file model21.tsv (TSV, C-alpha atoms)
chain	number	residue	atom	x	y	z
A	39	THR	CA	0.00	0.00	0.00
A	40	MET	CA	1.37	3.38	-0.97
A	41	ALA	CA	1.55	6.03	1.72
A	42	ILE	CA	-1.26	8.55	1.73
A	43	THR	CA	-0.11	12.15	1.62
A	44	LYS	CA	-1.38	14.73	4.05
A	45	GLU	CA	-2.96	16.55	1.10
A	46	LYS	CA	-4.85	13.42	-0.06
A	47	LEU	CA	-6.06	12.78	3.48
A	48	ALA	CA	-7.19	16.40	3.78
A	49	ASP	CA	-9.13	16.02	0.51
A	50	PHE	CA	-10.74	12.84	1.86
A	51	ALA	CA	-11.76	14.64	5.08
A	52	TYR	CA	-13.11	17.56	3.04
A	53	TYR	CA	-15.04	15.61	0.42
A	54	SER	CA	-16.12	12.46	2.27
A	55	LEU	CA	-16.29	13.52	5.90
A	56	ASP	CA	-17.67	16.95	4.97
A	57	ALA	CA	-15.11	18.84	7.07
A	58	ASN	CA	-14.42	22.46	6.19
A	59	ARG	CA	-10.96	23.08	4.67
A	60	THR	CA	-9.36	24.22	7.94
A	61	GLU	CA	-10.77	21.26	9.86
A	62	ALA	CA	-9.81	18.86	7.04
A	63	ASP	CA	-6.21	20.12	7.10
A	64	LYS	CA	-6.06	19.70	10.90
A	65	MET	CA	-7.56	16.19	10.71
A	66	ALA	CA	-5.05	15.21	8.04
A	67	ALA	CA	-2.10	16.58	9.98
A	68	ALA	CA	-3.24	14.79	13.15
A	69	ASN	CA	-3.93	11.45	11.45
A	70	VAL	CA	-1.65	10.99	8.43
A	71	LYS	CA	1.05	9.17	10.40
A	72	LYS	CA	-1.50	6.87	12.07
A	73	VAL	CA	-3.21	6.08	8.76
A	74	ASN	CA	0.11	5.27	7.10
A	75	ALA	CA	1.40	3.30	10.11
A	76	ALA	CA	-1.76	1.17	9.89
A	77	ARG	CA	-1.12	0.82	6.14
A	78	LEU	CA	-4.63	1.97	5.24
A	79	SER	CA	-5.36	2.69	1.59
A	80	GLU	CA	-7.60	5.41	0.22
A	81	LYS	CA	-10.01	2.65	-0.85
A	82	HIS	CA	-10.08	1.27	2.71
A	83	LEU	CA	-10.86	4.73	4.12
A	84	THR	CA	-13.59	5.30	1.53
A	85	ASP	CA	-15.12	1.86	2.13
A	86	LEU	CA	-14.98	2.43	5.90
A	87	PHE	CA	-16.69	5.80	5.54
A	88	TRP	CA	-19.54	4.23	3.55
A	89	ALA	CA	-19.84	1.34	6.03
A	90	MET	CA	-20.21	3.88	8.84
A	91	TYR	CA	-22.46	6.33	6.99
A	92	PHE	CA	-24.72	4.55	4.49
A	93	ASN	CA	-28.01	3.37	6.06
A	94	THR	CA	-26.84	4.08	9.62
A	95	LEU	CA	-28.73	7.35	10.18
A	96	LEU	CA	-25.47	8.82	11.49
A	97	SER	CA	-24.84	12.36	10.32
A	98	ARG	CA	-21.56	13.19	8.63
A	99	ASP	CA	-20.70	15.14	11.79
A	100	GLU	CA	-21.14	11.98	13.89
A	101	VAL	CA	-19.09	9.90	11.45
A	102	ARG	CA	-16.40	12.58	11.24
A	103	ALA	CA	-16.10	12.73	15.04
A	104	GLN	CA	-15.30	9.00	15.29
A	105	PHE	CA	-13.90	8.12	11.89
A	106	PHE	CA	-10.17	8.14	12.55
A	107	SER	CA	-10.51	6.25	15.85
A	108	VAL	CA	-12.45	3.53	14.04
A	109	ALA	CA	-9.92	3.51	11.18
A	110	GLU	CA	-6.98	3.37	13.58
A	111	ASP	CA	-8.54	0.35	15.31
A	112	GLY	CA	-8.11	-1.53	12.03
A	113	VAL	CA	-11.80	-2.24	11.54
A	114	GLU	CA	-12.46	-3.88	8.19
A	115	PRO	CA	-15.33	-2.15	6.35
A	116	GLU	CA	-16.95	-5.40	5.19
A	117	VAL	CA	-16.87	-6.89	8.71
A	118	LEU	CA	-18.36	-3.70	10.16
A	119	LYS	CA	-21.06	-3.73	7.50
A	120	ALA	CA	-21.86	-7.43	8.05
A	121	PHE	CA	-22.22	-6.99	11.82
A	122	ARG	CA	-24.22	-3.78	11.40
A	123	GLN	CA	-26.67	-5.40	9.00
A	124	SER	CA	-27.08	-8.50	11.16
A	125	LEU	CA	-27.64	-6.46	14.33
A	126	TYR	CA	-30.11	-4.22	12.52
A	127	TYR	CA	-32.10	-6.89	10.70
A	128	ASP	CA	-31.75	-9.90	12.98
A	129	CYS	CA	-31.74	-8.18	16.38
A	130	ASP	CA	-34.15	-5.35	15.68
A	131	MET	CA	-31.67	-2.65	16.73
A	132	ASN	CA	-32.11	0.84	15.39
A	133	ALA	CA	-29.60	1.90	12.72
A	134	LYS	CA	-27.37	4.04	14.96
A	135	GLN	CA	-27.37	1.47	17.75
A	136	ALA	CA	-26.48	-1.28	15.28
A	137	MET	CA	-23.60	0.78	13.88
A	138	TRP	CA	-21.92	1.32	17.28
A	139	ALA	CA	-22.60	-2.25	18.45
A	140	ALA	CA	-21.08	-3.49	15.18
A	141	TYR	CA	-18.02	-1.36	15.87
A	142	GLU	CA	-17.65	-3.05	19.27
A	143	LEU	CA	-17.72	-6.45	17.60
A	144	ALA	CA	-15.82	-5.66	14.39
A	145	GLY	CA	-12.47	-5.29	16.10
A	146	ILE	CA	-12.49	-8.79	17.53
A	147	PRO	CA	-12.20	-12.11	15.69
A	148	VAL	CA	-15.88	-13.08	15.80
A	149	ASP	CA	-17.92	-14.19	12.83
A	150	PRO	CA	-21.13	-12.19	12.28
A	151	ALA	CA	-23.01	-15.44	11.53
A	152	PRO	CA	-24.02	-16.31	15.16
A	153	VAL	CA	-25.60	-12.91	15.84
A	154	LYS	CA	-29.11	-14.07	14.85
A	155	GLU	CA	-28.78	-17.34	16.76
A	156	MET	CA	-27.61	-15.50	19.89
A	157	TRP	CA	-30.45	-12.98	19.52
A	158	ASP	CA	-33.05	-15.73	19.11
A	159	PHE	CA	-31.81	-17.45	22.24
A	160	LEU	CA	-31.61	-14.32	24.41
A	161	TYR	CA	-34.83	-12.69	23.26
A	162	ASN	CA	-37.04	-15.71	22.65
A	163	SER	CA	-35.75	-18.47	24.95
A	164	ALA	CA	-34.28	-16.46	27.81
A	165	GLU	CA	-37.06	-13.87	27.42
A	166	LEU	CA	-34.86	-10.84	27.96
A	167	SER	CA	-36.27	-7.45	27.02
A	168	LYS	CA	-35.06	-5.99	23.73
A	169	PRO	CA	-32.62	-3.55	25.38
A	170	GLU	CA	-31.24	-6.33	27.62
A	171	ALA	CA	-30.92	-8.74	24.71
A	172	HIS	CA	-29.23	-6.06	22.58
A	173	ARG	CA	-26.57	-5.51	25.23
A	174	TRP	CA	-26.07	-9.20	25.94
A	175	VAL	CA	-25.73	-10.12	22.25
A	176	VAL	CA	-22.78	-7.76	21.97
A	177	ASP	CA	-21.23	-8.61	25.34
A	178	LEU	CA	-21.47	-12.38	24.94
A	179	LEU	CA	-20.20	-12.47	21.37
A	180	ALA	CA	-17.39	-10.07	22.29
A	181	ALA	CA	-16.44	-12.47	25.08
A	182	GLY	CA	-16.23	-15.28	22.53
A	183	ILE	CA	-19.24	-17.17	23.83
A	184	GLU	CA	-20.99	-19.20	21.16
A	185	PRO	CA	-24.82	-19.26	21.09
A	186	LYS	CA	-24.85	-23.07	21.02
A	187	ALA	CA	-22.74	-23.34	24.20
A	188	LEU	CA	-25.00	-20.81	25.93
A	189	SER	CA	-28.21	-22.60	24.97
A	190	GLU	CA	-26.77	-25.98	26.01
A	191	ALA	CA	-25.80	-24.55	29.41
A	192	TRP	CA	-29.30	-23.07	29.76
call {"tool": "encode", "arguments": {"input": "model21.tsv", "output": "structure tokens"}}
result
Amino acid sequence: TMAITKEKLADFAYYSLDANRTEADKMAAANVKKVNAARLSEKHLTDLFWAMYFNTLLSRDEVRAQFFSVAEDGVEPEVLKAFRQSLYYDCDMNAKQAMWAAYELAGIPVDPAPVKEMWDFLYNSAELSKPEAHRWVVDLLAAGIEPKALSEAW
């Protein structure tokens, strides 16, 4: 991956993150070394932006405020998107809630596949309320607990 220049990063912040020119220049100066140290490409940054913004109901201001922390954490856009969609569709989370819960899960080596199974167990079998089940889905999967092991122990 070729290094991203401060100017290219400033353009990304200006055009994608909707920062004004002064803010974009400051963001680029503050983050160019981190972005290059993490070996992130322009494509990765663009894909991550869309994974955080498209269909999440987050404003560009909200995305901009968190974008470089999420990028620095090495979150893969496709993993973030897969978790976000599963949490939204399978667990009945609202779009913003699903985005931030997906971010919690996307940085750890967990497959998005068991999200629905975990949700079904917690909400239907264990009869937790939606807010309780939402929190437990994230916490249990983040802890590496498989839905099958949980239901067998139940």
call {"tool": "closest_residue", "arguments": {"input": "model21.tsv", "among": "A:Ala136, A:Ala164, A:Val70, A:Leu188", "to": "Pro152 in chain A", "atoms": "all atoms listed in the file"}}
result
A:Leu188
call {"tool": "closest_residue", "arguments": {"input": "model21.tsv", "among": "A:Lys72, A:Ala51, A:Pro147, A:Ala139", "to": "Val176 in chain A", "atoms": "all atoms listed in the file"}}
result
A:Ala139
call {"tool": "residues_near_point", "arguments": {"input": "model21.tsv", "point": "(-32.7, -26.2, 25.9)", "cutoff": "12 Å", "atoms": "all atoms listed in the file", "output": "PyMOL selection string"}}
result
chain A and resi 159+162-164+185-192
call {"tool": "atom_distance", "arguments": {"input": "model21.tsv", "atom1": "CA of Asn69 in chain A", "atom2": "CA of Glu110 in chain A"}}
result
8.9 Å
call {"tool": "closest_residue", "arguments": {"input": "model21.tsv", "among": "A:Val153, A:Leu160, A:Leu143, A:Ala89", "to": "Ala181 in chain A", "atoms": "all atoms listed in the file"}}
result
A:Leu143
call {"tool": "residues_around", "arguments": {"input": "model21.tsv", "residues": "Ala180 in chain A", "least_positions_apart": "2", "cutoff": "9 Å", "atoms": "all atoms listed in the file", "output": "list in words"}}
result
Glu142, Leu143, Ile146, Pro147, Val148, Val175, Val176, Asp177, Leu178, Gly182 and Ile183 of chain A
call {"tool": "write_last_selection", "arguments": {"input": "model21.tsv", "atoms": "C-alpha atoms", "output": "tab-separated table (two decimals), in the frame of the given file"}}
result
chain	number	residue	atom	x	y	z
A	142	GLU	CA	-17.65	-3.05	19.27
A	143	LEU	CA	-17.72	-6.45	17.60
A	146	ILE	CA	-12.49	-8.79	17.53
A	147	PRO	CA	-12.20	-12.11	15.69
A	148	VAL	CA	-15.88	-13.08	15.80
A	175	VAL	CA	-25.73	-10.12	22.25
A	176	VAL	CA	-22.78	-7.76	21.97
A	177	ASP	CA	-21.23	-8.61	25.34
A	178	LEU	CA	-21.47	-12.38	24.94
A	182	GLY	CA	-16.23	-15.28	22.53
A	183	ILE	CA	-19.24	-17.17	23.83
call {"tool": "closest_residue", "arguments": {"input": "model21.tsv", "among": "A:Ala171, A:Ile42, A:Leu78, A:Leu95", "to": "Cys129 in chain A", "atoms": "all atoms listed in the file"}}
result
A:Ala171
call {"tool": "atom_distance", "arguments": {"input": "model21.tsv", "atom1": "CA of Leu83 in chain A", "atom2": "CA of Ala109 in chain A"}}
result
7.2 Å
